>>> print(open('my_file.pdb').read())   # PDB, C-alpha atoms
ATOM      1  CA  GLN O   5     -11.920  17.151 105.123
ATOM      2  CA  GLN O   6     -14.778  14.695 105.161
ATOM      3  CA  GLN O   7     -15.118  14.433 101.391
ATOM      4  CA  VAL O   8     -14.601  11.354  99.279
ATOM      5  CA  LYS O   9     -14.167  12.167  95.596
ATOM      6  CA  GLN O  10     -15.170   9.495  93.091
ATOM      7  CA  SER O  11     -14.590   9.215  89.355
ATOM      8  CA  PRO O  12     -15.740   8.657  86.723
ATOM      9  CA  GLN O  13     -19.391   9.584  87.055
ATOM     10  CA  SER O  14     -20.323   6.988  84.442
ATOM     11  CA  LEU O  15     -18.532   4.171  82.718
ATOM     12  CA  ILE O  16     -19.313   1.943  79.748
ATOM     13  CA  VAL O  17     -17.318  -1.271  79.451
ATOM     14  CA  GLN O  18     -17.617  -4.175  77.056
ATOM     15  CA  LYS O  19     -18.362  -7.618  78.389
ATOM     16  CA  GLY O  20     -15.141  -9.263  79.471
ATOM     17  CA  GLY O  21     -13.343  -5.964  79.956
ATOM     18  CA  ILE O  22     -11.954  -4.388  83.116
ATOM     19  CA  SER O  23     -13.935  -1.708  84.921
ATOM     20  CA  ILE O  24     -11.930   0.712  87.045
ATOM     21  CA  ILE O  25     -13.422   3.226  89.472
ATOM     22  CA  ASN O  26     -11.276   5.597  91.474
ATOM     23  CA  CYS O  27     -11.737   7.384  94.776
ATOM     24  CA  ALA O  28      -9.693   9.876  96.749
ATOM     25  CA  TYR O  29     -10.086  10.995 100.339
ATOM     26  CA  GLU O  30      -8.705  13.781 102.488
ATOM     27  CA  ASN O  31      -9.227  12.735 106.075
ATOM     28  CA  THR O  32      -6.256  10.705 107.274
ATOM     29  CA  ALA O  33      -8.343   9.462 110.209
ATOM     30  CA  PHE O  34     -10.382   7.254 107.866
ATOM     31  CA  ASP O  35      -9.575   3.614 108.569
ATOM     32  CA  TYR O  36     -12.162   1.606 106.660
ATOM     33  CA  PHE O  37     -12.885   1.800 102.932
ATOM     34  CA  PRO O  38     -15.851  -0.180 101.599
ATOM     35  CA  TRP O  39     -17.371  -0.338  98.155
ATOM     36  CA  TYR O  40     -21.115  -0.659  97.692
ATOM     37  CA  GLN O  41     -23.107  -1.842  94.697
ATOM     38  CA  GLN O  42     -26.607  -0.535  94.128
ATOM     39  CA  PHE O  43     -29.178  -1.794  91.658
ATOM     40  CA  PRO O  44     -32.264   0.275  90.753
ATOM     41  CA  GLY O  45     -34.933   0.057  93.419
ATOM     42  CA  LYS O  46     -32.580  -1.509  95.947
ATOM     43  CA  GLY O  47     -30.426  -0.254  98.760
ATOM     44  CA  PRO O  48     -26.629  -0.338  98.480
ATOM     45  CA  ALA O  49     -25.050  -3.717  99.165
ATOM     46  CA  LEU O  50     -21.549  -4.149 100.553
ATOM     47  CA  LEU O  51     -19.302  -5.520  97.831
ATOM     48  CA  ILE O  52     -15.807  -5.498  99.265
ATOM     49  CA  ALA O  53     -13.887  -3.488 101.850
ATOM     50  CA  ILE O  54     -10.294  -2.769 102.828
ATOM     51  CA  ARG O  55      -8.404  -1.333 105.760
ATOM     52  CA  PRO O  56      -5.326   0.872 105.258
ATOM     53  CA  ASP O  57      -2.856  -1.713 106.552
ATOM     54  CA  VAL O  58      -3.062  -3.636 103.253
ATOM     55  CA  SER O  59      -2.505  -2.415  99.703
ATOM     56  CA  GLU O  60      -4.787  -4.817  97.884
ATOM     57  CA  LYS O  61      -7.738  -7.078  98.547
ATOM     58  CA  LYS O  62      -9.295  -9.459  96.067
ATOM     59  CA  GLU O  63     -12.636 -11.227  96.212
ATOM     60  CA  GLY O  64     -13.508 -13.109  93.072
ATOM     61  CA  ARG O  65     -13.571 -10.697  90.154
ATOM     62  CA  PHE O  66     -13.477  -7.637  92.447
ATOM     63  CA  THR O  67     -10.217  -6.090  93.660
ATOM     64  CA  ILE O  68      -9.566  -3.031  95.793
ATOM     65  CA  SER O  69      -6.212  -1.315  95.359
ATOM     66  CA  PHE O  70      -5.246   1.056  98.170
ATOM     67  CA  ASN O  71      -2.530   3.732  98.128
ATOM     68  CA  LYS O  72      -2.242   5.203 101.616
ATOM     69  CA  SER O  73       0.396   7.810 100.772
ATOM     70  CA  ALA O  74      -1.668   9.161  97.871
ATOM     71  CA  LYS O  75      -4.899   8.818  99.832
ATOM     72  CA  GLN O  76      -6.498   6.993  96.921
ATOM     73  CA  PHE O  77      -8.233   3.685  96.428
ATOM     74  CA  SER O  78      -9.823   2.034  93.460
ATOM     75  CA  LEU O  79     -12.156  -0.791  92.518
ATOM     76  CA  HIS O  80     -11.252  -3.102  89.659
ATOM     77  CA  ILE O  81     -13.889  -5.403  88.199
ATOM     78  CA  MET O  82     -12.256  -8.067  86.065
ATOM     79  CA  ASP O  83     -14.114  -9.876  83.284
ATOM     80  CA  SER O  84     -17.014  -7.425  83.614
ATOM     81  CA  GLN O  85     -20.451  -8.941  82.992
ATOM     82  CA  PRO O  86     -23.797  -7.378  82.042
ATOM     83  CA  GLY O  87     -25.034  -8.356  85.503
ATOM     84  CA  ASP O  88     -22.427  -5.990  86.976
ATOM     85  CA  SER O  89     -24.321  -3.040  85.495
ATOM     86  CA  ALA O  90     -25.168  -0.985  88.563
ATOM     87  CA  THR O  91     -24.136   2.117  90.460
ATOM     88  CA  TYR O  92     -21.013   1.740  92.570
ATOM     89  CA  PHE O  93     -20.209   3.864  95.598
ATOM     90  CA  CYS O  94     -16.938   4.092  97.412
ATOM     91  CA  ALA O  95     -17.043   5.127 101.047
ATOM     92  CA  ALA O  96     -14.784   5.809 103.975
ATOM     93  CA  SER O  97     -15.206   5.882 107.710
ATOM     94  CA  GLY O  98     -13.288   6.439 110.885
ATOM     95  CA  PHE O  99     -14.123   6.518 114.534
ATOM     96  CA  SER O 100     -14.746   9.977 115.930
ATOM     97  CA  GLY O 101     -15.660  10.347 119.556
ATOM     98  CA  THR O 102     -18.204   7.688 120.377
ATOM     99  CA  ALA O 103     -19.353   6.779 116.920
ATOM    100  CA  SER O 104     -18.418   6.542 113.308
ATOM    101  CA  LYS O 105     -20.244   7.099 110.059
ATOM    102  CA  LEU O 106     -19.788   6.341 106.387
ATOM    103  CA  THR O 107     -18.896   9.161 104.014
ATOM    104  CA  PHE O 108     -19.857   8.166 100.480
ATOM    105  CA  GLY O 109     -18.491   9.124  97.107
ATOM    106  CA  THR O 110     -20.894  10.474  94.510
ATOM    107  CA  GLY O 111     -21.284   7.156  92.693
ATOM    108  CA  THR O 112     -20.338   5.675  89.330
ATOM    109  CA  ARG O 113     -22.969   4.301  87.002
ATOM    110  CA  LEU O 114     -21.457   1.281  85.277
ATOM    111  CA  GLN O 115     -22.943  -0.162  82.101
ATOM    112  CA  VAL O 116     -21.501  -3.387  80.738
ATOM    113  CA  THR O 117     -22.425  -3.935  77.106
ATOM    114  CA  LEU O 118     -22.557  -7.203  75.176
TER     115      LEU O 118
ATOM    116  CA  LYS Y   9     -32.488 -14.592 107.876
ATOM    117  CA  ALA Y  10     -34.639 -11.531 107.204
ATOM    118  CA  GLY Y  11     -32.884  -8.411 105.972
ATOM    119  CA  VAL Y  12     -33.457  -4.809 106.931
ATOM    120  CA  THR Y  13     -37.105  -3.949 106.428
ATOM    121  CA  GLN Y  14     -38.239  -0.433 105.703
ATOM    122  CA  THR Y  15     -41.847   0.675 105.554
ATOM    123  CA  PRO Y  16     -43.529   2.077 103.684
ATOM    124  CA  ARG Y  17     -41.715   1.605 100.360
ATOM    125  CA  TYR Y  18     -43.328   4.621  98.757
ATOM    126  CA  LEU Y  19     -44.890   7.728 100.206
ATOM    127  CA  ILE Y  20     -46.367  10.903  98.749
ATOM    128  CA  LYS Y  21     -46.837  13.847 101.072
ATOM    129  CA  THR Y  22     -47.807  17.463 100.712
ATOM    130  CA  ARG Y  23     -45.467  20.307 101.558
ATOM    131  CA  GLY Y  24     -45.860  21.301 105.207
ATOM    132  CA  GLN Y  25     -46.966  17.869 106.386
ATOM    133  CA  GLN Y  26     -44.904  15.559 108.528
ATOM    134  CA  VAL Y  27     -43.890  11.976 107.889
ATOM    135  CA  THR Y  28     -42.643   8.994 109.880
ATOM    136  CA  LEU Y  29     -40.558   6.247 108.329
ATOM    137  CA  SER Y  30     -39.915   2.900 109.960
ATOM    138  CA  CYS Y  31     -36.960   0.555 109.936
ATOM    139  CA  SER Y  32     -36.661  -2.956 111.366
ATOM    140  CA  PRO Y  33     -33.013  -4.040 111.533
ATOM    141  CA  ILE Y  34     -31.665  -7.529 111.104
ATOM    142  CA  SER Y  35     -32.364  -9.585 114.195
ATOM    143  CA  GLY Y  36     -29.589  -9.054 116.725
ATOM    144  CA  HIS Y  37     -28.315  -5.849 115.134
ATOM    145  CA  ARG Y  38     -28.307  -3.007 117.628
ATOM    146  CA  SER Y  39     -26.924  -0.198 115.486
ATOM    147  CA  VAL Y  40     -29.222   1.571 113.039
ATOM    148  CA  SER Y  41     -28.240   4.412 110.747
ATOM    149  CA  TRP Y  42     -30.261   6.541 108.350
ATOM    150  CA  TYR Y  43     -29.133   8.041 105.056
ATOM    151  CA  GLN Y  44     -30.792  10.313 102.543
ATOM    152  CA  GLN Y  45     -30.109   9.601  98.870
ATOM    153  CA  THR Y  46     -30.795  12.165  96.164
ATOM    154  CA  PRO Y  47     -29.466  12.479  92.596
ATOM    155  CA  GLY Y  48     -27.881  15.829  93.405
ATOM    156  CA  GLN Y  49     -26.354  15.202  96.843
ATOM    157  CA  GLY Y  50     -25.801  11.452  96.739
ATOM    158  CA  LEU Y  51     -25.844   9.542 100.022
ATOM    159  CA  GLN Y  52     -25.889  11.814 103.022
ATOM    160  CA  PHE Y  53     -25.682  10.607 106.635
ATOM    161  CA  LEU Y  54     -28.639  11.591 108.818
ATOM    162  CA  PHE Y  55     -28.074   9.915 112.191
ATOM    163  CA  GLU Y  56     -27.088   6.720 113.935
ATOM    164  CA  TYR Y  57     -28.553   4.978 116.953
ATOM    165  CA  PHE Y  58     -27.168   2.292 119.198
ATOM    166  CA  SER Y  59     -29.102   0.844 122.132
ATOM    167  CA  GLU Y  60     -31.711   3.610 121.924
ATOM    168  CA  THR Y  61     -29.094   6.386 122.047
ATOM    169  CA  GLN Y  62     -28.284   8.714 119.189
ATOM    170  CA  ARG Y  63     -24.516   8.457 118.800
ATOM    171  CA  ASN Y  64     -23.960  10.552 115.733
ATOM    172  CA  LYS Y  65     -25.870  13.134 113.727
ATOM    173  CA  GLY Y  66     -25.353  14.501 110.244
ATOM    174  CA  ASN Y  67     -25.688  18.031 109.017
ATOM    175  CA  PHE Y  68     -29.452  18.196 108.604
ATOM    176  CA  PRO Y  69     -31.930  20.710 110.045
ATOM    177  CA  GLY Y  70     -33.814  19.966 113.240
ATOM    178  CA  ARG Y  71     -36.890  19.020 111.196
ATOM    179  CA  PHE Y  72     -35.227  15.649 110.816
ATOM    180  CA  SER Y  73     -35.351  13.520 113.927
ATOM    181  CA  GLY Y  74     -35.237   9.900 114.855
ATOM    182  CA  ARG Y  75     -35.455   7.412 117.645
ATOM    183  CA  GLN Y  76     -34.723   3.807 118.407
ATOM    184  CA  PHE Y  77     -36.812   1.478 120.489
ATOM    185  CA  SER Y  78     -35.712  -1.205 122.928
ATOM    186  CA  ASN Y  79     -36.166  -3.889 120.244
ATOM    187  CA  SER Y  80     -33.732  -1.917 118.003
ATOM    188  CA  ARG Y  81     -36.451  -0.877 115.558
ATOM    189  CA  SER Y  82     -36.021   2.714 114.505
ATOM    190  CA  GLU Y  83     -38.153   5.504 113.177
ATOM    191  CA  MET Y  84     -37.251   8.774 111.580
ATOM    192  CA  ASN Y  85     -39.537  11.760 111.391
ATOM    193  CA  VAL Y  86     -39.474  14.749 109.110
ATOM    194  CA  SER Y  87     -41.671  17.663 110.076
ATOM    195  CA  THR Y  88     -42.824  20.598 107.943
ATOM    196  CA  LEU Y  89     -41.900  18.834 104.725
ATOM    197  CA  GLU Y  90     -40.252  20.791 101.941
ATOM    198  CA  LEU Y  91     -40.044  19.920  98.254
ATOM    199  CA  GLY Y  92     -36.315  19.348  98.689
ATOM    200  CA  ASP Y  93     -36.983  16.544 101.150
ATOM    201  CA  SER Y  94     -38.038  14.319  98.258
ATOM    202  CA  ALA Y  95     -35.519  11.505  98.340
ATOM    203  CA  LEU Y  96     -34.861   7.855  98.963
ATOM    204  CA  TYR Y  97     -34.400   7.341 102.694
ATOM    205  CA  LEU Y  98     -32.217   4.371 103.535
ATOM    206  CA  CYS Y  99     -31.833   2.579 106.802
ATOM    207  CA  ALA Y 100     -28.845   0.387 107.568
ATOM    208  CA  SER Y 101     -28.154  -1.889 110.495
ATOM    209  CA  SER Y 102     -24.991  -3.355 111.908
ATOM    210  CA  LEU Y 103     -24.105  -5.941 114.496
ATOM    211  CA  SER Y 104     -20.954  -4.216 115.609
ATOM    212  CA  ARG Y 105     -20.746  -1.289 117.973
ATOM    213  CA  GLU Y 106     -18.356   0.179 115.412
ATOM    214  CA  ALA Y 107     -21.309   0.528 113.142
ATOM    215  CA  ASN Y 108     -19.620   0.977 109.813
ATOM    216  CA  TYR Y 109     -17.914  -2.376 109.763
ATOM    217  CA  GLY Y 110     -20.598  -4.253 107.872
ATOM    218  CA  TYR Y 111     -23.679  -2.192 107.185
ATOM    219  CA  THR Y 112     -26.687  -3.920 105.664
ATOM    220  CA  PHE Y 113     -29.026  -1.522 103.937
ATOM    221  CA  GLY Y 114     -32.742  -1.828 103.443
ATOM    222  CA  SER Y 115     -34.387  -1.085 100.103
ATOM    223  CA  GLY Y 116     -35.423   2.337 101.308
ATOM    224  CA  THR Y 117     -38.525   4.476 101.454
ATOM    225  CA  ARG Y 118     -39.098   6.678  98.423
ATOM    226  CA  LEU Y 119     -40.587   9.945  99.705
ATOM    227  CA  THR Y 120     -42.104  12.392  97.260
ATOM    228  CA  VAL Y 121     -43.163  15.812  98.517
ATOM    229  CA  VAL Y 122     -45.614  17.671  96.302
TER     230      VAL Y 122
END
>>> encode(input="my_file.pdb", output="structure tokens")
Amino acid sequence: QQQVKQSPQSLIVQKGGISIINCAYENTAFDYFPWYQQFPGKGPALLIAIRPDVSEKKEGRFTISFNKSAKQFSLHIMDSQPGDSATYFCAASGFSGTASKLTFGTGTRLQVTL
Amino acid sequence: KAGVTQTPRYLIKTRGQQVTLSCSPISGHRSVSWYQQTPGQGLQFLFEYFSETQRNKGNFPGRFSGRQFSNSRSEMNVSTLELGDSALYLCASSLSREANYGYTFGSGTRLTVV
């Protein structure tokens, strides 16, 4: 029940195109859904996050769409740029007892070509 | 403002040895979490500390341990190293008591067990 399933595993998008990464979760106690971006040799960096009381959140070219009933959320990268080439992780968390933790998806390696 | 600092960046150890990794959180952050990242298993939660107390622990054997000091710096220790312990070990800190709401990750320590 703690899993977060992420797809696709890898994605190639042309410059200017839209990159879409999908995630699904099982645990209805999750109440925070962040996306992280990781470049080689670096730790993951928080990109954007959403809570289940909203269906969409946009920050610049990055948008999270959230479907609570389907237990799915997705990241859309508009006007994808070569600099967006990185690995993207979705995650979910919820408070359990005295603490909470992030459960990560398996990651999507995005390559944006010229 | 300095980020999360992890030392050392790279480490090579022999099977059966033990290792200690260090993490200095962002100034003022009292929550520190540790994650293991491998190509096969992705990002797996190890443990989380807040004000020197372990609040949450992942599903790892007892060979993995950690602690947090009064200045919020944290260390993790792995004893009797196995080849499968080779991984990138990431530390993340957070200001909030609800630790997942705004993690900042360090660049990690790359541990290779030979």
>>> resolve_selection(input="my_file.pdb", expression="the PyMOL selection byres ((chain Y and resi 116) around 6)", output="PDB file with C-alpha atoms, in the frame of the given file")
ATOM      1  CA  GLN Y  14     -38.239  -0.433 105.703  1.00  0.00           C
ATOM      2  CA  TYR Y  97     -34.400   7.341 102.694  1.00  0.00           C
ATOM      3  CA  LEU Y  98     -32.217   4.371 103.535  1.00  0.00           C
ATOM      4  CA  GLY Y 114     -32.742  -1.828 103.443  1.00  0.00           C
ATOM      5  CA  SER Y 115     -34.387  -1.085 100.103  1.00  0.00           C
ATOM      6  CA  THR Y 117     -38.525   4.476 101.454  1.00  0.00           C
TER       7      THR Y 117
END
>>> resolve_selection(input="my_file.pdb", expression="the PyMOL selection byres ((chain O and resi 25-38) around 7)", output="PyMOL selection string")
chain O and resi 5-12+23-24+39-40+52-56+75-80+94-98
>>> atom_distance(input="my_file.pdb", atom1="atom CA of Phe113 of chain Y", atom2="atom CA of Val58 of chain O")
26.1 Å
>>> resolve_selection(input="my_file.pdb", expression="the ChimeraX specification (/O :<8) & /Y", output="PyMOL selection string")
chain Y and resi 49-53+56+63-64+98+106-116
>>> write_last_selection(input="my_file.pdb", atoms="C-alpha atoms", output="PDB file, in the frame of the given file")
ATOM      1  CA  GLN Y  49     -26.354  15.202  96.843  1.00  0.00           C
ATOM      2  CA  GLY Y  50     -25.801  11.452  96.739  1.00  0.00           C
ATOM      3  CA  LEU Y  51     -25.844   9.542 100.022  1.00  0.00           C
ATOM      4  CA  GLN Y  52     -25.889  11.814 103.022  1.00  0.00           C
ATOM      5  CA  PHE Y  53     -25.682  10.607 106.635  1.00  0.00           C
ATOM      6  CA  GLU Y  56     -27.088   6.720 113.935  1.00  0.00           C
ATOM      7  CA  ARG Y  63     -24.516   8.457 118.800  1.00  0.00           C
ATOM      8  CA  ASN Y  64     -23.960  10.552 115.733  1.00  0.00           C
ATOM      9  CA  LEU Y  98     -32.217   4.371 103.535  1.00  0.00           C
ATOM     10  CA  GLU Y 106     -18.356   0.179 115.412  1.00  0.00           C
ATOM     11  CA  ALA Y 107     -21.309   0.528 113.142  1.00  0.00           C
ATOM     12  CA  ASN Y 108     -19.620   0.977 109.813  1.00  0.00           C
ATOM     13  CA  TYR Y 109     -17.914  -2.376 109.763  1.00  0.00           C
ATOM     14  CA  GLY Y 110     -20.598  -4.253 107.872  1.00  0.00           C
ATOM     15  CA  TYR Y 111     -23.679  -2.192 107.185  1.00  0.00           C
ATOM     16  CA  THR Y 112     -26.687  -3.920 105.664  1.00  0.00           C
ATOM     17  CA  PHE Y 113     -29.026  -1.522 103.937  1.00  0.00           C
ATOM     18  CA  GLY Y 114     -32.742  -1.828 103.443  1.00  0.00           C
ATOM     19  CA  SER Y 115     -34.387  -1.085 100.103  1.00  0.00           C
ATOM     20  CA  GLY Y 116     -35.423   2.337 101.308  1.00  0.00           C
TER      21      GLY Y 116
END
>>> atom_distance(input="my_file.pdb", atom1="atom CA of Gln115 of chain O", atom2="atom CA of Thr67 of chain O")
18.2 Å
>>> atom_distance(input="my_file.pdb", atom1="atom CA of Lys61 of chain O", atom2="atom CA of Ser84 of chain O")
17.6 Å
>>> axis_aligned_box(input="my_file.pdb", around="segment 66-73 of chain O", padding_each_side="5 Å", output="JSON")
{"center_x": -6.5, "center_y": 0.1, "center_z": 97.0, "size_x": 23.9, "size_y": 25.4, "size_z": 19.2}
>>> closest_residue(input="my_file.pdb", among="O:Ser89, O:Lys72, O:Phe66, O:Gln18", to="Thr112 of chain O", atoms="all atoms listed in the file")
O:Ser89
>>> residues_around(input="my_file.pdb", residues="segment 70-77 of chain Y", least_positions_apart="4", cutoff="12 Å", atoms="only C-alpha atoms", output="ChimeraX atom specification")
/Y:24-33,38-44,53-66,81-90,93,97,99,101
>>> closest_residue(input="my_file.pdb", among="O:Leu51, O:Ile22, O:Ile68, O:Leu118", to="Met82 of chain O", atoms="only C-alpha atoms")
O:Ile22
>>> build_atoms(input="my_file.pdb", residues="segment 62-93 of chain Y", atoms="N, CA and C atoms", output="PDB file, keeping the file's coordinate frame")
ATOM      1  N   GLN Y  62     -28.835   8.150 120.416  1.00  0.00           N
ATOM      2  CA  GLN Y  62     -28.284   8.714 119.189  1.00  0.00           C
ATOM      3  C   GLN Y  62     -26.801   8.973 119.398  1.00  0.00           C
ATOM      4  N   ARG Y  63     -25.964   8.341 118.613  1.00  0.00           N
ATOM      5  CA  ARG Y  63     -24.516   8.457 118.800  1.00  0.00           C
ATOM      6  C   ARG Y  63     -23.876   9.447 117.831  1.00  0.00           C
ATOM      7  N   ASN Y  64     -24.562   9.696 116.735  1.00  0.00           N
ATOM      8  CA  ASN Y  64     -23.960  10.552 115.733  1.00  0.00           C
ATOM      9  C   ASN Y  64     -25.073  11.195 114.918  1.00  0.00           C
ATOM     10  N   LYS Y  65     -24.852  12.413 114.479  1.00  0.00           N
ATOM     11  CA  LYS Y  65     -25.870  13.134 113.727  1.00  0.00           C
ATOM     12  C   LYS Y  65     -25.221  13.863 112.575  1.00  0.00           C
ATOM     13  N   GLY Y  66     -25.857  13.806 111.417  1.00  0.00           N
ATOM     14  CA  GLY Y  66     -25.353  14.501 110.244  1.00  0.00           C
ATOM     15  C   GLY Y  66     -25.790  15.950 110.232  1.00  0.00           C
ATOM     16  N   ASN Y  67     -25.449  16.606 109.142  1.00  0.00           N
ATOM     17  CA  ASN Y  67     -25.688  18.031 109.017  1.00  0.00           C
ATOM     18  C   ASN Y  67     -27.043  18.302 108.367  1.00  0.00           C
ATOM     19  N   PHE Y  68     -28.094  17.978 109.071  1.00  0.00           N
ATOM     20  CA  PHE Y  68     -29.452  18.196 108.604  1.00  0.00           C
ATOM     21  C   PHE Y  68     -30.184  19.081 109.604  1.00  0.00           C
ATOM     22  N   PRO Y  69     -31.189  19.825 109.124  1.00  0.00           N
ATOM     23  CA  PRO Y  69     -31.930  20.710 110.045  1.00  0.00           C
ATOM     24  C   PRO Y  69     -32.698  19.906 111.092  1.00  0.00           C
ATOM     25  N   GLY Y  70     -33.121  20.610 112.135  1.00  0.00           N
ATOM     26  CA  GLY Y  70     -33.814  19.966 113.240  1.00  0.00           C
ATOM     27  C   GLY Y  70     -35.150  19.356 112.866  1.00  0.00           C
ATOM     28  N   ARG Y  71     -35.641  19.645 111.656  1.00  0.00           N
ATOM     29  CA  ARG Y  71     -36.890  19.020 111.196  1.00  0.00           C
ATOM     30  C   ARG Y  71     -36.731  17.508 111.049  1.00  0.00           C
ATOM     31  N   PHE Y  72     -35.514  17.078 110.943  1.00  0.00           N
ATOM     32  CA  PHE Y  72     -35.227  15.649 110.816  1.00  0.00           C
ATOM     33  C   PHE Y  72     -34.885  15.102 112.202  1.00  0.00           C
ATOM     34  N   SER Y  73     -35.614  14.117 112.616  1.00  0.00           N
ATOM     35  CA  SER Y  73     -35.351  13.520 113.927  1.00  0.00           C
ATOM     36  C   SER Y  73     -35.551  12.016 113.843  1.00  0.00           C
ATOM     37  N   GLY Y  74     -35.086  11.345 114.854  1.00  0.00           N
ATOM     38  CA  GLY Y  74     -35.237   9.900 114.855  1.00  0.00           C
ATOM     39  C   GLY Y  74     -35.276   9.364 116.262  1.00  0.00           C
ATOM     40  N   ARG Y  75     -35.535   8.076 116.344  1.00  0.00           N
ATOM     41  CA  ARG Y  75     -35.455   7.412 117.645  1.00  0.00           C
ATOM     42  C   ARG Y  75     -35.299   5.924 117.410  1.00  0.00           C
ATOM     43  N   GLN Y  76     -34.869   5.257 118.463  1.00  0.00           N
ATOM     44  CA  GLN Y  76     -34.723   3.807 118.407  1.00  0.00           C
ATOM     45  C   GLN Y  76     -35.398   3.218 119.620  1.00  0.00           C
ATOM     46  N   PHE Y  77     -36.077   2.126 119.412  1.00  0.00           N
ATOM     47  CA  PHE Y  77     -36.812   1.478 120.489  1.00  0.00           C
ATOM     48  C   PHE Y  77     -35.980   0.357 121.105  1.00  0.00           C
ATOM     49  N   SER Y  78     -36.483  -0.186 122.205  1.00  0.00           N
ATOM     50  CA  SER Y  78     -35.712  -1.205 122.928  1.00  0.00           C
ATOM     51  C   SER Y  78     -35.505  -2.476 122.105  1.00  0.00           C
ATOM     52  N   ASN Y  79     -36.347  -2.711 121.104  1.00  0.00           N
ATOM     53  CA  ASN Y  79     -36.166  -3.889 120.244  1.00  0.00           C
ATOM     54  C   ASN Y  79     -35.305  -3.561 119.019  1.00  0.00           C
ATOM     55  N   SER Y  80     -34.645  -2.417 119.045  1.00  0.00           N
ATOM     56  CA  SER Y  80     -33.732  -1.917 118.003  1.00  0.00           C
ATOM     57  C   SER Y  80     -34.440  -1.354 116.775  1.00  0.00           C
ATOM     58  N   ARG Y  81     -35.732  -1.524 116.660  1.00  0.00           N
ATOM     59  CA  ARG Y  81     -36.451  -0.877 115.558  1.00  0.00           C
ATOM     60  C   ARG Y  81     -36.290   0.626 115.657  1.00  0.00           C
ATOM     61  N   SER Y  82     -36.270   1.271 114.510  1.00  0.00           N
ATOM     62  CA  SER Y  82     -36.021   2.714 114.505  1.00  0.00           C
ATOM     63  C   SER Y  82     -37.062   3.414 113.644  1.00  0.00           C
ATOM     64  N   GLU Y  83     -37.299   4.641 113.986  1.00  0.00           N
ATOM     65  CA  GLU Y  83     -38.153   5.504 113.177  1.00  0.00           C
ATOM     66  C   GLU Y  83     -37.442   6.816 112.937  1.00  0.00           C
ATOM     67  N   MET Y  84     -37.694   7.408 111.791  1.00  0.00           N
ATOM     68  CA  MET Y  84     -37.251   8.774 111.580  1.00  0.00           C
ATOM     69  C   MET Y  84     -38.468   9.614 111.191  1.00  0.00           C
ATOM     70  N   ASN Y  85     -38.428  10.843 111.609  1.00  0.00           N
ATOM     71  CA  ASN Y  85     -39.537  11.760 111.391  1.00  0.00           C
ATOM     72  C   ASN Y  85     -39.025  13.012 110.702  1.00  0.00           C
ATOM     73  N   VAL Y  86     -39.780  13.469 109.741  1.00  0.00           N
ATOM     74  CA  VAL Y  86     -39.474  14.749 109.110  1.00  0.00           C
ATOM     75  C   VAL Y  86     -40.710  15.624 109.251  1.00  0.00           C
ATOM     76  N   SER Y  87     -40.539  16.753 109.884  1.00  0.00           N
ATOM     77  CA  SER Y  87     -41.671  17.663 110.076  1.00  0.00           C
ATOM     78  C   SER Y  87     -41.599  18.794 109.053  1.00  0.00           C
ATOM     79  N   THR Y  88     -42.728  19.448 108.859  1.00  0.00           N
ATOM     80  CA  THR Y  88     -42.824  20.598 107.943  1.00  0.00           C
ATOM     81  C   THR Y  88     -42.086  20.304 106.638  1.00  0.00           C
ATOM     82  N   LEU Y  89     -42.568  19.301 105.929  1.00  0.00           N
ATOM     83  CA  LEU Y  89     -41.900  18.834 104.725  1.00  0.00           C
ATOM     84  C   LEU Y  89     -41.725  19.940 103.687  1.00  0.00           C
ATOM     85  N   GLU Y  90     -40.565  19.887 103.039  1.00  0.00           N
ATOM     86  CA  GLU Y  90     -40.252  20.791 101.941  1.00  0.00           C
ATOM     87  C   GLU Y  90     -40.056  19.968 100.682  1.00  0.00           C
ATOM     88  N   LEU Y  91     -40.204  20.637  99.519  1.00  0.00           N
ATOM     89  CA  LEU Y  91     -40.044  19.920  98.254  1.00  0.00           C
ATOM     90  C   LEU Y  91     -38.686  19.238  98.174  1.00  0.00           C
ATOM     91  N   GLY Y  92     -37.672  19.883  98.731  1.00  0.00           N
ATOM     92  CA  GLY Y  92     -36.315  19.348  98.689  1.00  0.00           C
ATOM     93  C   GLY Y  92     -36.104  18.114  99.548  1.00  0.00           C
ATOM     94  N   ASP Y  93     -37.099  17.761 100.329  1.00  0.00           N
ATOM     95  CA  ASP Y  93     -36.983  16.544 101.150  1.00  0.00           C
ATOM     96  C   ASP Y  93     -37.307  15.290 100.339  1.00  0.00           C
TER      97      ASP Y  93
END
